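Trainee: Handing you this structure, nothing more for now.
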Amino acid sequence: MYDFRTDQRFQNLTPFKEKLWLSSPTMHETELEYMTEAYRTNWMSTVGGNIDEMERLLEEYVGVKSAVGLSCGTAALHLAVRLAGEKIYGAHRAEVGTLAGHKVFCSDMTFDATVNPVAYEGGEAVFIDSEYDTWNMDPAALKKAFEIYPETRLVVLAHLYGTPGKLDEITDICKEHGALLVEDAAESLGAAYKGKQTGSFGDYGVISFNGNKIITGSSGGAFLSNSKGCADKIRKWSTQSREDAPWYQHKELGYNYRMSNVIAGVVRGQMKYIDEHIAKKKAIYERYQKGLADLPVAMNPLGDDSIPNYWLSCIAIEPQAMCENVRSERGKLYRHRKGKTCPDEILDALAGFHIEGRPIWKPMHLQALYRGNGFVKAEKDGCEDAVTYTGKENNGSVGADIFTRGLCLPSDIKMTAEQQEVVIDIIHRCFE
């Protein structure tokens with residue numbers, strides 16, 4: 001890799017001795033108290049007071065009637081998608097899944113954990129392009145998708161980087177077509193749309209407590225619903241679908257997806273600090289916004305009527321300021337030009353000084369795993385119909401454009417203002 005420390009633009013900078021992370025866990029003493037309680041009382045498995053209280057705190061904070069602690073956000077998504085398939089199609093076929101033979105509309109620009117559960121259940125994801133206002137699912141493209149695939153009855157929506165999608169429009173479209181909505185709020189716990197928390201708009205919501213999220217359990221996730229019956233079903237499935245019998249009796253497929261009481265202790269302790277974490281994330285975003293204001297870049301949008309949780313601060317370089325660059329499936333190549341740069345040059349420069357950044361999520365319709373799936377984008381200039389992706393990457397999609405020009409900046413709340421100024425300085429030097 002090119003050594004930026006020998007580049008004249010960076011010669012008076014010294015790499016950090018300890019790596020500056022994108023978003024690492026921030027721990028407090030409270031978590032240890034609840035973990036120790038689980039240890040001392042010997043409630044170390046998937047039942048215990050920490051789980052019960054963590055679920056109660058989530059219900060209260062998000063504003064839903066039922067929360068179920070699970071082993072990870074992906075497990076929560078899987079069970080939410082399975083439950084939706086069963087509710088829509090009445091299917092219990094374990095060998096093929098509840099969505100076998102059916103299409104599901106999914107966010108395109110997201111982590112593949114959002115959409116993989118559709119495949120787990122035998123369904124076929126159809127990816128819906130993003131829009132520039134929030135970087136989330138485009139309601140116009142979703143509306144067009146229902147015109148192309150009117151039989152579809154399930155939508156999986158992700159809120160990217162802590163900014164809510166256009167929930168009024170998306171929920172209205174789902175209701176118009178009798179479709180259920182699974183809301184992937186893995187990145188957006190604490191974000192609100194018109195005063196209501198994300199994760200509470202869909203028929204089912206999903207939260208993640210992965211190590212890099214706004215609060216963490218090191219792992220873990222949660223299923224959210226306003227239906228106690230649905231929550232009870234998820235609890236049953238997540239504990240191997242054991243029936244109420246004196247012995248181990250099973251009538252349907254189950255999973256080992258329940259959250260540990262130890263992990264729940266960490267999440268329970270973290271819940272006390274969620275608003276503090278969000279405030280610190282917001283301060284990071286605003287420092288970037290001010291420090292990069294003189295450059296041809298734009299911060300990730302916050303959306304109208306929304307209060308984001310500012311999980312990750314991101315930028316997109318303006319098209320005219322992009323240097324020559326190309327990406328293959330696994331590699332990258334770029335040529336610096338004075339006054340221009342690209343995401344890969346900035347990320348390489350940051351890495352050279354022990355600073356972690358990340359590319360924007362690569363859209364699902366560009367992933368080799370899903371290139372045979374449908375992809376729908378909105379009309380362009382009022383004249384272009386929605387299309388199905390055919391393998392050409394430069395197909396005019398919003399998600400592909402943001403992926404090409406965007407990157408995630410270090411957003412760790414333990415980062416000092418002085419350290420962040422170094423990050424801002426490096427980005428400026430990349431344009432020199």
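Ligands are numbered from 1 in the order shown, residues from 1 within each chain, and chains are lettered A, B, ... in the order they appear in the structure tokens.
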Could you produce a table of the residues of region 278-312 of chain A lying within 12 Å of region 191-210 of chain A, with the nearest pair of atoms per residue and their separation in Å rounded to one decimal, using only C-alpha atoms, ordered by chain and increasing residue number, as a Markdown table?
Mentor:
```
| residue | atom | partner | partner_atom | distance |
| --- | --- | --- | --- | --- |
| A:Ile278 | CA | A:Ala191 | CA | 8.9 |
| A:Ala279 | CA | A:Ala191 | CA | 11.6 |
| A:Lys281 | CA | A:Ala191 | CA | 11.9 |
| A:Lys282 | CA | A:Ala191 | CA | 11.5 |
| A:Leu302 | CA | A:Ala191 | CA | 10.4 |
| A:Gly303 | CA | A:Tyr193 | CA | 9.1 |
| A:Asp304 | CA | A:Tyr193 | CA | 8.5 |
| A:Asp305 | CA | A:Lys194 | CA | 5.3 |
| A:Ser306 | CA | A:Tyr193 | CA | 4.5 |
| A:Ile307 | CA | A:Ala192 | CA | 5.1 |
| A:Pro308 | CA | A:Ala191 | CA | 4.4 |
| A:Asn309 | CA | A:Ala191 | CA | 4.7 |
| A:Tyr310 | CA | A:Ala191 | CA | 8.2 |
| A:Trp311 | CA | A:Ala191 | CA | 9.3 |
```
Trainee: If we count only C-alpha atoms, what is near Glu183 (chain A) at a cut-off of 12 Å, once residues fewer than 6 positions away on the same chain are taken out, given as a PyMOL selection string?
Mentor: chain A and resi 73+76-77+80-81+84+106-107+114-115+137+154-160+164-165+167+170-171+189+197-208+222-225
Trainee: Excluding Glu356 (chain A) and any residue of its chain fewer than 6 positions from it, enumerate the residues within 7 Å of it, using only C-alpha atoms, and give them as number ranges by chain.
Mentor: A: 20-22, 350, 410
Trainee: So that I can check the secondary structure, give me every residue of region 192-371 of chain A assigned alpha helix (DSSP H) by backbone DSSP, as a ChimeraX atom specification.
Mentor: /A:228-238,261-271,274-291,343-352
Trainee: Rounded to one decimal in Å, what is the spacing between CA of Val423 (chain A) and CA of Thr216 (chain A)?
Mentor: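 Atom-to-atom, CA of Val423 (chain A) and CA of Thr216 (chain A) are spaced 25.0 Å apart.
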Trainee: Neighbours of Gly291 (chain A) within 8 Å (only C-alpha atoms; same-chain residues fewer than 4 positions away dropped), as a ChimeraX atom specification?
Mentor: /A:287,421,424
Trainee: Output the selection as a compact mmCIF listing (two decimals), in the first residue's frame - C-alpha atoms for each residue.
Mentor:
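The new file result-v1.txt reads:
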```
# COMPACT_ATOMS: atom_id res chain seq x y z
CA ARG A 287 -17.64 19.34 14.10
CA GLU A 421 -9.25 17.92 13.96
CA ILE A 424 -10.38 16.88 9.22
```
Trainee: Would you mind telling me which residue in A:Tyr39, A:Tyr288, A:Phe105, A:Trp247 lies nearest to Glu124 (chain A) when using only C-alpha atoms?
Mentor: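 Distance minimum relative to Glu124 (chain A) lands on A:Phe105.
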Trainee: Kindly provide the residues of region 190-297 of chain A that approach region 336-345 of chain A to within 12 Å, each paired with its closest atom pair and their distance in Å to one decimal, based on only C-alpha atoms, listed by chain and increasing number, as CSV.
Mentor:
```
residue,atom,partner,partner_atom,distance
A:Leu295,CA,A:Gly339,CA,9.6
A:Pro296,CA,A:Lys340,CA,8.9
A:Val297,CA,A:Thr341,CA,10.5
```
Trainee: Could the residues in this selection be written to a file with N, CA and C atoms, as a PDB file, in the first residue's frame?
Mentor:
```pdb
ATOM      1  N   LEU A 295     -14.834  22.487   1.816  1.00  0.00           N
ATOM      2  CA  LEU A 295     -14.473  21.485   0.825  1.00  0.00           C
ATOM      3  C   LEU A 295     -15.689  21.095  -0.031  1.00  0.00           C
ATOM      4  N   PRO A 296     -15.454  20.567  -1.227  1.00  0.00           N
ATOM      5  CA  PRO A 296     -16.559  20.132  -2.096  1.00  0.00           C
ATOM      6  C   PRO A 296     -17.098  18.770  -1.669  1.00  0.00           C
ATOM      7  N   VAL A 297     -17.616  18.710  -0.449  1.00  0.00           N
ATOM      8  CA  VAL A 297     -18.202  17.483   0.087  1.00  0.00           C
ATOM      9  C   VAL A 297     -19.524  17.836   0.763  1.00  0.00           C
TER      10      VAL A 297
END
```
Trainee: DSSP on the backbone: what in region 90-245 of chain A comes out strand (DSSP E), as a ChimeraX atom specification?
Mentor: /A:103-107,124-128,154-158,180-184,192-193,196-197,204-208,221-225
Trainee: To one decimal place, how far is CA of Tyr257 (chain A) from CA of Ala75 (chain A) in Å?
Mentor: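 Atom-to-atom, CA of Tyr257 (chain A) to CA of Ala75 (chain A), that is 6.2 Å.
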Trainee: Counting only C-alpha atoms, figure out which residue out of A:Val422, A:Ala321, A:Asn261, A:Leu180 gets nearest to Thr41 (chain A).
Mentor: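 Comparing A:Val422, A:Ala321, A:Asn261, A:Leu180 against Thr41 (chain A), the winner is A:Asn261.
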Trainee: Please compute the CA of Tyr149 (chain A)-CA of Asp129 (chain A) distance, one decimal, in Å.
Mentor: 15.2 Å
Trainee: Between A:Gly221, A:Pro301, A:Gly331, A:Gly396, which one has atoms that come closest to Asp133 (chain A), using only C-alpha atoms?
Mentor: A:Pro301
Trainee: Rank A:Arg358, A:Met364, A:Phe16, A:Phe375 by their smallest atom-to-atom distance to Ile128 (chain A), using only C-alpha atoms, and report the top residue only.
Mentor: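 Among the listed residues, the smallest separation from Ile128 (chain A) belongs to A:Phe375.
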Trainee: Measuring atom to atom with only C-alpha atoms, identify which of A:Gly211, A:Lys87, A:Pro150, A:Asn12 is nearest to Leu181 (chain A).
Mentor: A:Lys87
Trainee: Show me, as a PyMOL selection string, the residues that have an atom within 10 Å of Arg258 (chain A) when counting only C-alpha atoms, minus same-chain residues fewer than 5 positions from it.
Mentor: chain A and resi 45-47+51+68-72+75-76+220-222+234-240
Trainee: Compare A:Val262, A:Ser188, A:Gln289, A:Arg405 by their minimum atom-to-atom distance to Glu318 (chain A), counting only C-alpha atoms, and give me the closest one.
Mentor: A:Arg405
